[in-house]
$ cat input-v1.csv   # CSV, C-alpha atoms and all ligand atoms
chain,number,residue,atom,x,y,z
X,136,MET,CA,-41.5,-23.6,-46.5
X,137,LEU,CA,-40.7,-20.7,-44.3
X,138,VAL,CA,-38.2,-21.0,-41.5
X,139,GLN,CA,-37.8,-18.6,-38.6
X,140,GLN,CA,-35.3,-15.9,-39.6
X,141,ASN,CA,-32.9,-16.6,-36.8
X,142,TYR,CA,-31.7,-20.1,-37.6
X,143,HIS,CA,-29.3,-20.3,-34.7
X,144,ASN,CA,-32.3,-21.8,-33.1
X,145,PHE,CA,-32.0,-24.6,-35.6
X,146,PRO,CA,-28.3,-25.8,-35.4
X,147,TRP,CA,-29.3,-29.0,-37.2
X,148,ILE,CA,-30.2,-27.1,-40.3
X,149,TYR,CA,-26.9,-25.2,-40.2
X,150,LYS,CA,-24.9,-28.4,-39.7
X,151,LYS,CA,-26.6,-30.5,-42.3
X,152,ASN,CA,-26.4,-27.8,-44.9
X,153,CYS,CA,-22.8,-27.2,-44.4
X,154,LEU,CA,-22.1,-30.8,-45.2
X,155,TYR,CA,-23.9,-30.2,-48.5
X,156,LEU,CA,-21.8,-27.2,-49.5
X,157,GLY,CA,-19.2,-29.5,-51.1
X,158,MET,CA,-21.8,-30.9,-53.5
X,159,ILE,CA,-23.1,-27.8,-55.1
X,160,LYS,CA,-24.2,-28.8,-58.6
X,161,LYS,CA,-23.5,-26.7,-61.7
X,162,TYR,CA,-26.8,-24.7,-61.9
X,163,PRO,CA,-28.9,-24.8,-65.1
X,164,LYS,CA,-29.1,-21.6,-67.0
X,165,GLN,CA,-32.4,-20.2,-65.7
X,166,PHE,CA,-31.7,-21.3,-62.1
X,167,LYS,CA,-28.3,-19.6,-62.4
X,168,LYS,CA,-29.9,-16.4,-63.7
X,169,VAL,CA,-32.2,-16.2,-60.7
X,170,SER,CA,-29.4,-17.1,-58.2
X,171,ASP,CA,-27.0,-14.6,-59.8
X,172,TYR,CA,-29.7,-11.9,-59.6
X,173,LEU,CA,-30.3,-12.7,-55.9
X,174,LYS,CA,-26.5,-12.4,-55.2
X,175,GLU,CA,-26.1,-9.2,-57.0
X,176,LYS,CA,-29.3,-7.4,-55.9
X,177,PHE,CA,-29.7,-8.7,-52.3
X,178,GLY,CA,-26.4,-10.5,-51.5
X,179,ILE,CA,-28.4,-13.7,-51.1
X,180,ASP,CA,-26.6,-17.1,-51.7
X,181,VAL,CA,-28.6,-20.0,-53.2
X,182,LEU,CA,-27.4,-23.3,-51.9
X,183,LEU,CA,-28.4,-26.9,-52.1
X,184,GLY,CA,-29.4,-28.6,-48.8
X,185,GLN,CA,-31.8,-30.9,-47.1
X,186,ILE,CA,-34.6,-28.3,-46.9
X,187,THR,CA,-36.2,-25.7,-49.2
X,188,ALA,CA,-36.4,-22.4,-47.4
X,189,PHE,CA,-35.5,-18.7,-47.4
X,190,MET,CA,-33.4,-18.1,-44.2
X,191,GLY,CA,-34.2,-14.4,-43.9
X,192,HIS,CA,-32.5,-11.1,-44.8
X,193,LYS,CA,-30.0,-11.4,-42.0
X,194,ASN,CA,-28.7,-14.8,-43.0
X,195,LYS,CA,-29.0,-14.1,-46.7
X,196,LYS,CA,-29.4,-17.7,-47.8
X,197,ILE,CA,-31.9,-19.7,-49.8
X,198,PHE,CA,-31.7,-23.5,-49.6
X,199,ILE,CA,-33.2,-25.7,-52.3
X,200,HIS,CA,-33.5,-29.4,-51.6
X,201,HIS,CA,-30.8,-31.2,-53.4
X,202,ASN,CA,-33.2,-33.8,-54.8
X,203,HIS,CA,-35.1,-31.2,-56.8
X,204,ASN,CA,-34.8,-31.0,-60.6
X,205,LEU,CA,-33.3,-27.5,-60.9
X,206,GLU,CA,-34.9,-27.0,-64.3
X,207,LYS,CA,-38.4,-27.8,-63.1
X,208,ASN,CA,-39.7,-28.0,-59.5
X,209,GLY,CA,-36.3,-26.8,-58.1
X,210,LEU,CA,-36.6,-23.6,-60.2
X,211,TYR,CA,-40.2,-23.0,-59.2
X,212,SER,CA,-39.3,-23.6,-55.5
X,213,LEU,CA,-36.5,-21.1,-55.9
X,214,LEU,CA,-38.8,-18.5,-57.4
X,215,HIS,CA,-41.3,-19.1,-54.6
X,216,GLU,CA,-38.5,-18.5,-52.0
X,217,VAL,CA,-37.6,-15.3,-54.0
X,218,GLY,CA,-41.3,-14.4,-53.4
X,219,HIS,CA,-40.6,-14.8,-49.7
X,220,ALA,CA,-37.5,-12.7,-50.0
X,221,LEU,CA,-39.6,-9.9,-51.6
X,222,GLN,CA,-42.3,-9.9,-49.0
X,223,THR,CA,-43.0,-6.9,-46.8
X,224,ASP,CA,-43.7,-6.7,-43.1
X,225,LYS,CA,-47.4,-6.5,-44.1
X,226,ASP,CA,-47.1,-9.7,-46.1
X,227,ASN,CA,-45.4,-11.3,-43.1
X,228,TYR,CA,-48.2,-10.3,-40.6
X,229,PHE,CA,-48.6,-13.9,-39.4
X,230,LYS,CA,-45.1,-13.7,-37.8
X,231,THR,CA,-46.5,-11.2,-35.3
X,232,ILE,CA,-49.2,-13.7,-34.2
X,233,ASP,CA,-48.5,-15.9,-31.2
X,234,GLU,CA,-49.0,-19.4,-32.6
X,235,ASP,CA,-49.6,-20.9,-29.2
X,236,LYS,CA,-52.3,-18.4,-28.3
X,237,GLU,CA,-54.0,-18.1,-31.6
X,238,PRO,CA,-53.1,-21.2,-33.7
X,239,LYS,CA,-56.0,-20.9,-36.1
X,240,LYS,CA,-55.4,-17.2,-36.9
X,241,PHE,CA,-51.6,-17.9,-37.2
X,242,LYS,CA,-52.2,-20.8,-39.7
X,243,PHE,CA,-54.7,-18.8,-41.7
X,244,TYR,CA,-52.4,-15.9,-42.2
X,245,GLN,CA,-49.4,-18.2,-42.8
X,246,TYR,CA,-51.4,-19.8,-45.6
X,247,ILE,CA,-52.2,-16.3,-47.0
X,248,ASN,CA,-48.5,-15.6,-46.8
X,249,GLU,CA,-47.7,-18.7,-48.8
X,250,ILE,CA,-50.1,-17.8,-51.6
X,251,ASN,CA,-48.6,-14.3,-51.7
X,252,ALA,CA,-45.1,-15.7,-52.0
X,253,TRP,CA,-46.2,-17.9,-55.0
X,254,GLU,CA,-47.8,-14.8,-56.6
X,255,LYS,CA,-44.7,-12.6,-56.0
X,256,GLY,CA,-42.4,-15.4,-57.3
X,257,LEU,CA,-44.4,-15.6,-60.6
X,258,LEU,CA,-44.4,-11.9,-61.1
X,259,PHE,CA,-40.6,-11.9,-60.5
X,260,ALA,CA,-40.1,-14.7,-63.0
X,261,ASN,CA,-42.0,-12.6,-65.6
X,262,GLU,CA,-39.9,-9.5,-64.8
X,263,LEU,CA,-36.6,-11.5,-65.1
X,264,GLY,CA,-37.7,-13.2,-68.3
X,265,ILE,CA,-37.7,-16.7,-66.7
X,266,LYS,CA,-39.9,-19.1,-68.7
X,267,VAL,CA,-42.4,-20.8,-66.6
X,268,ASN,CA,-44.6,-23.7,-67.7
X,269,ILE,CA,-47.8,-22.5,-66.0
X,270,GLU,CA,-49.3,-26.0,-65.6
X,271,ASP,CA,-46.2,-27.3,-63.9
X,272,TRP,CA,-46.0,-24.2,-61.8
X,273,VAL,CA,-49.6,-24.6,-60.6
X,274,LYS,CA,-48.9,-28.3,-59.8
X,275,VAL,CA,-45.8,-27.5,-57.7
X,276,GLN,CA,-47.7,-24.6,-56.1
X,277,ASN,CA,-50.8,-26.6,-55.2
X,278,GLU,CA,-48.7,-29.5,-53.8
X,279,SER,CA,-46.9,-27.0,-51.6
X,280,LEU,CA,-50.0,-25.1,-50.6
X,281,HIS,CA,-51.8,-28.3,-49.7
X,282,THR,CA,-49.2,-28.9,-46.9
X,283,TYR,CA,-50.4,-25.6,-45.4
X,284,SER,CA,-54.1,-25.8,-46.1
X,285,LYS,CA,-54.6,-29.2,-44.5
X,286,LYS,CA,-53.4,-27.7,-41.2
X,287,LEU,CA,-56.2,-25.1,-41.4
R,1,ZN,ZN,-43.2,-20.7,-48.7

$ encode --input "input-v1.csv" --output "C-alpha cells" --more "lines below"
Ligand SMILES: [Zn+2]
Amino acid sequence: MLVQQNYHNFPWIYKKNCLYLGMIKKYPKQFKKVSDYLKEKFGIDVLLGQITAFMGHKNKKIFIHHNHNLEKNGLYSLLHEVGHALQTDKDNYFKTIDEDKEPKKFKFYQYINEINAWEKGLLFANELGIKVNIEDWVKVQNESLHTYSKKL
C-alpha cells in the first residue's frame, strides 16, 4: 500500500499509529537487519501500526501491520515498502497523474509502480543478504498486487 506522502491529510493514521508505539515488538533478526539499515542509511523508522505503508521521505516512517508475522509476510511487506522508499520520480510517475481526470491511466501506472516496488524490494533483499523463500514471496506479492489489479 502506498499512502500520499503528506499524511497530515490523514490525522487518523497518525493518531492510531501513535497509540501503537507502546507495543513495539522485539523484531526478529532479519526484520531488525532491514530496519537497522533503513535507520542508518535513510533515517527511516520502522514501526508497527494499523496499516502497512511507506509514509514518504519527509516523514521517514514505514508502518507494518502489527498482525503480520515479522519473519514471513511482515518481512516481505517491509522489503516491499523498502522498494517504495528506493523508487525514483520516474518510478512514481503515477503520482503526477490526476486520478479524477484520468482514473484508468492513474490505476494502470499505480499498478506498474507496485510491481516495481516488489522487484526493487527483492533486489534489496539479495544485496543485504536477507533470505527470502521465493514461493512465499510470490504468494504475498500476488495477493497484494491483486488488490491493485482488480481495480484496473
Ligand atoms: Zn506498495

$ residues_near_ligand --input "input-v1.csv" --ligand "ligand ZN 1 (chain R)" --cutoff "8 Å" --atoms "all atoms listed in the file" --output "PyMOL selection string"
chain X and resi 136-137+188+215-216+219+248-249+252-253+279

$ write_last_selection --input "input-v1.csv" --atoms "C-alpha atoms" --output "PDB file, in the coordinates of the input"
ATOM      1  CA  MET X 136     -41.500 -23.600 -46.500  1.00  0.00           C
ATOM      2  CA  LEU X 137     -40.700 -20.700 -44.300  1.00  0.00           C
ATOM      3  CA  ALA X 188     -36.400 -22.400 -47.400  1.00  0.00           C
ATOM      4  CA  HIS X 215     -41.300 -19.100 -54.600  1.00  0.00           C
ATOM      5  CA  GLU X 216     -38.500 -18.500 -52.000  1.00  0.00           C
ATOM      6  CA  HIS X 219     -40.600 -14.800 -49.700  1.00  0.00           C
ATOM      7  CA  ASN X 248     -48.500 -15.600 -46.800  1.00  0.00           C
ATOM      8  CA  GLU X 249     -47.700 -18.700 -48.800  1.00  0.00           C
ATOM      9  CA  ALA X 252     -45.100 -15.700 -52.000  1.00  0.00           C
ATOM     10  CA  TRP X 253     -46.200 -17.900 -55.000  1.00  0.00           C
ATOM     11  CA  SER X 279     -46.900 -27.000 -51.600  1.00  0.00           C
TER      12      SER X 279
END

$ residues_near_point --input "input-v1.csv" --point "(-39.7, -14.4, -62.8)" --cutoff "10 Å" --atoms "all atoms listed in the file" --output "PyMOL selection string"
chain X and resi 165+169+211+214-215+217-218+255-267

$ atom_distance --input "input-v1.csv" --atom1 "atom CA of Glu270 of chain X" --atom2 "atom CA of Lys168 of chain X"
21.7 Å

$ atom_distance --input "input-v1.csv" --atom1 "atom CA of Asp224 of chain X" --atom2 "atom CA of Leu183 of chain X"
26.9 Å

$ atom_distance --input "input-v1.csv" --atom1 "atom CA of Lys242 of chain X" --atom2 "atom CA of Gly184 of chain X"
25.8 Å

$ closest_residue --input "input-v1.csv" --among "X:Lys161, X:His201, X:Lys196, X:Lys240" --to "Lys174 of chain X" --atoms "all atoms listed in the file"
X:Lys196

$ residues_near_point --input "input-v1.csv" --point "(-29.1, -19.1, -58.3)" --cutoff "9 Å" --atoms "only C-alpha atoms" --output "NGL selection string"
:X and (162-163 or 165-174 or 180-182 or 197 or 210 or 213)

$ decode --input "input-v1.csv" --residues "segment 157-273 of chain X" --atoms "C-alpha atoms" --output "PDB file, in the first residue's frame"
ATOM      1  CA  GLY X 157       3.933   1.488  23.070  1.00  0.00           C
ATOM      2  CA  MET X 158       3.552  -2.055  21.786  1.00  0.00           C
ATOM      3  CA  ILE X 159       6.558  -2.353  19.514  1.00  0.00           C
ATOM      4  CA  LYS X 160       7.607  -5.969  19.465  1.00  0.00           C
ATOM      5  CA  LYS X 161      11.176  -7.133  19.643  1.00  0.00           C
ATOM      6  CA  TYR X 162      11.983  -7.524  15.981  1.00  0.00           C
ATOM      7  CA  PRO X 163      13.207 -10.882  14.631  1.00  0.00           C
ATOM      8  CA  LYS X 164      16.802 -10.929  13.306  1.00  0.00           C
ATOM      9  CA  GLN X 165      16.183 -10.385   9.584  1.00  0.00           C
ATOM     10  CA  PHE X 166      13.426  -7.832  10.159  1.00  0.00           C
ATOM     11  CA  LYS X 167      15.750  -5.975  12.527  1.00  0.00           C
ATOM     12  CA  LYS X 168      18.592  -6.081   9.991  1.00  0.00           C
ATOM     13  CA  VAL X 169      16.386  -4.339   7.428  1.00  0.00           C
ATOM     14  CA  SER X 170      15.013  -1.791   9.890  1.00  0.00           C
ATOM     15  CA  ASP X 171      18.517  -1.009  11.256  1.00  0.00           C
ATOM     16  CA  TYR X 172      19.735  -0.473   7.699  1.00  0.00           C
ATOM     17  CA  LEU X 173      16.822   1.866   6.948  1.00  0.00           C
ATOM     18  CA  LYS X 174      17.524   3.900  10.074  1.00  0.00           C
ATOM     19  CA  GLU X 175      21.241   4.147   9.390  1.00  0.00           C
ATOM     20  CA  LYS X 176      21.085   4.791   5.640  1.00  0.00           C
ATOM     21  CA  PHE X 177      17.910   6.887   5.287  1.00  0.00           C
ATOM     22  CA  GLY X 178      16.879   7.839   8.829  1.00  0.00           C
ATOM     23  CA  ILE X 179      13.659   5.879   8.331  1.00  0.00           C
ATOM     24  CA  ASP X 180      11.950   4.366  11.394  1.00  0.00           C
ATOM     25  CA  VAL X 181      10.101   1.069  11.088  1.00  0.00           C
ATOM     26  CA  LEU X 182       7.044   0.969  13.342  1.00  0.00           C
ATOM     27  CA  LEU X 183       4.127  -1.366  13.893  1.00  0.00           C
ATOM     28  CA  GLY X 184       0.692   0.095  13.251  1.00  0.00           C
ATOM     29  CA  GLN X 185      -2.733  -0.491  11.779  1.00  0.00           C
ATOM     30  CA  ILE X 186      -1.563  -0.114   8.196  1.00  0.00           C
ATOM     31  CA  THR X 187       1.350  -1.239   6.039  1.00  0.00           C
ATOM     32  CA  ALA X 188       2.854   1.727   4.213  1.00  0.00           C
ATOM     33  CA  PHE X 189       5.894   3.850   3.496  1.00  0.00           C
ATOM     34  CA  MET X 190       4.987   7.367   4.599  1.00  0.00           C
ATOM     35  CA  GLY X 191       7.460   9.162   2.347  1.00  0.00           C
ATOM     36  CA  HIS X 192      10.946  10.619   2.598  1.00  0.00           C
ATOM     37  CA  LYS X 193       9.734  13.660   4.526  1.00  0.00           C
ATOM     38  CA  ASN X 194       8.041  11.657   7.267  1.00  0.00           C
ATOM     39  CA  LYS X 195      10.686   8.924   7.306  1.00  0.00           C
ATOM     40  CA  LYS X 196       8.444   6.186   8.629  1.00  0.00           C
ATOM     41  CA  ILE X 197       7.434   2.742   7.459  1.00  0.00           C
ATOM     42  CA  PHE X 198       4.460   1.168   9.174  1.00  0.00           C
ATOM     43  CA  ILE X 199       3.973  -2.594   9.161  1.00  0.00           C
ATOM     44  CA  HIS X 200       0.653  -4.002  10.283  1.00  0.00           C
ATOM     45  CA  HIS X 201       1.002  -5.354  13.806  1.00  0.00           C
ATOM     46  CA  ASN X 202      -0.795  -8.596  12.881  1.00  0.00           C
ATOM     47  CA  HIS X 203       1.879  -9.603  10.377  1.00  0.00           C
ATOM     48  CA  ASN X 204       4.309 -12.404  11.138  1.00  0.00           C
ATOM     49  CA  LEU X 205       7.550 -10.413  11.119  1.00  0.00           C
ATOM     50  CA  GLU X 206       9.550 -13.436   9.984  1.00  0.00           C
ATOM     51  CA  LYS X 207       7.338 -14.135   6.968  1.00  0.00           C
ATOM     52  CA  ASN X 208       4.748 -11.837   5.380  1.00  0.00           C
ATOM     53  CA  GLY X 209       5.713  -8.915   7.648  1.00  0.00           C
ATOM     54  CA  LEU X 210       9.328  -9.180   6.492  1.00  0.00           C
ATOM     55  CA  TYR X 211       8.257  -9.364   2.853  1.00  0.00           C
ATOM     56  CA  SER X 212       5.888  -6.418   3.298  1.00  0.00           C
ATOM     57  CA  LEU X 213       8.734  -4.460   4.873  1.00  0.00           C
ATOM     58  CA  LEU X 214      11.006  -5.282   1.923  1.00  0.00           C
ATOM     59  CA  HIS X 215       8.246  -4.168  -0.448  1.00  0.00           C
ATOM     60  CA  GLU X 216       7.960  -0.852   1.405  1.00  0.00           C
ATOM     61  CA  VAL X 217      11.758  -0.524   1.166  1.00  0.00           C
ATOM     62  CA  GLY X 218      11.210  -0.957  -2.577  1.00  0.00           C
ATOM     63  CA  HIS X 219       8.893   2.071  -2.433  1.00  0.00           C
ATOM     64  CA  ALA X 220      11.499   4.012  -0.460  1.00  0.00           C
ATOM     65  CA  LEU X 221      14.051   3.277  -3.201  1.00  0.00           C
ATOM     66  CA  GLN X 222      11.780   4.398  -6.040  1.00  0.00           C
ATOM     67  CA  THR X 223      12.708   7.346  -8.231  1.00  0.00           C
ATOM     68  CA  ASP X 224      10.482  10.142  -9.562  1.00  0.00           C
ATOM     69  CA  LYS X 225      10.289   8.164 -12.797  1.00  0.00           C
ATOM     70  CA  ASP X 226       9.018   5.100 -10.921  1.00  0.00           C
ATOM     71  CA  ASN X 227       6.492   7.356  -9.161  1.00  0.00           C
ATOM     72  CA  TYR X 228       5.112   8.757 -12.422  1.00  0.00           C
ATOM     73  CA  PHE X 229       1.520   7.858 -11.443  1.00  0.00           C
ATOM     74  CA  LYS X 230       1.634  10.476  -8.672  1.00  0.00           C
ATOM     75  CA  THR X 231       1.751  13.170 -11.350  1.00  0.00           C
ATOM     76  CA  ILE X 232      -1.493  11.879 -12.937  1.00  0.00           C
ATOM     77  CA  ASP X 233      -4.788  13.430 -11.843  1.00  0.00           C
ATOM     78  CA  GLU X 234      -6.788  10.413 -10.628  1.00  0.00           C
ATOM     79  CA  ASP X 235     -10.125  12.221 -11.061  1.00  0.00           C
ATOM     80  CA  LYS X 236      -9.392  13.220 -14.646  1.00  0.00           C
ATOM     81  CA  GLU X 237      -7.633  10.061 -15.802  1.00  0.00           C
ATOM     82  CA  PRO X 238      -8.604   7.240 -13.410  1.00  0.00           C
ATOM     83  CA  LYS X 239      -7.655   4.394 -15.769  1.00  0.00           C
ATOM     84  CA  LYS X 240      -4.259   5.832 -16.565  1.00  0.00           C
ATOM     85  CA  PHE X 241      -3.658   6.528 -12.874  1.00  0.00           C
ATOM     86  CA  LYS X 242      -4.561   2.984 -11.792  1.00  0.00           C
ATOM     87  CA  PHE X 243      -2.502   1.415 -14.556  1.00  0.00           C
ATOM     88  CA  TYR X 244       0.657   3.318 -13.646  1.00  0.00           C
ATOM     89  CA  GLN X 245      -0.012   2.775  -9.943  1.00  0.00           C
ATOM     90  CA  TYR X 246      -0.104  -0.955 -10.659  1.00  0.00           C
ATOM     91  CA  ILE X 247       3.200  -0.694 -12.574  1.00  0.00           C
ATOM     92  CA  ASN X 248       4.590   1.189  -9.576  1.00  0.00           C
ATOM     93  CA  GLU X 249       3.553  -1.641  -7.237  1.00  0.00           C
ATOM     94  CA  ILE X 250       5.226  -4.298  -9.397  1.00  0.00           C
ATOM     95  CA  ASN X 251       8.351  -2.132  -9.471  1.00  0.00           C
ATOM     96  CA  ALA X 252       8.404  -1.864  -5.654  1.00  0.00           C
ATOM     97  CA  TRP X 253       8.242  -5.669  -5.343  1.00  0.00           C
ATOM     98  CA  GLU X 254      11.145  -6.009  -7.792  1.00  0.00           C
ATOM     99  CA  LYS X 255      13.228  -3.385  -6.004  1.00  0.00           C
ATOM    100  CA  GLY X 256      12.440  -4.986  -2.644  1.00  0.00           C
ATOM    101  CA  LEU X 257      13.650  -8.389  -3.832  1.00  0.00           C
ATOM    102  CA  LEU X 258      16.868  -6.933  -5.256  1.00  0.00           C
ATOM    103  CA  PHE X 259      17.418  -5.099  -1.987  1.00  0.00           C
ATOM    104  CA  ALA X 260      16.894  -8.319  -0.010  1.00  0.00           C
ATOM    105  CA  ASN X 261      19.546 -10.037  -2.123  1.00  0.00           C
ATOM    106  CA  GLU X 262      22.000  -7.187  -1.653  1.00  0.00           C
ATOM    107  CA  LEU X 263      21.511  -7.156   2.112  1.00  0.00           C
ATOM    108  CA  GLY X 264      21.724 -10.952   2.336  1.00  0.00           C
ATOM    109  CA  ILE X 265      18.159 -11.390   3.569  1.00  0.00           C
ATOM    110  CA  LYS X 266      16.936 -14.914   2.914  1.00  0.00           C
ATOM    111  CA  VAL X 267      13.669 -14.963   1.018  1.00  0.00           C
ATOM    112  CA  ASN X 268      11.536 -18.030   0.394  1.00  0.00           C
ATOM    113  CA  ILE X 269      10.619 -17.227  -3.181  1.00  0.00           C
ATOM    114  CA  GLU X 270       7.374 -19.214  -3.130  1.00  0.00           C
ATOM    115  CA  ASP X 271       6.164 -17.350  -0.046  1.00  0.00           C
ATOM    116  CA  TRP X 272       7.393 -14.088  -1.542  1.00  0.00           C
ATOM    117  CA  VAL X 273       5.420 -14.598  -4.762  1.00  0.00           C
TER     118      VAL X 273
END
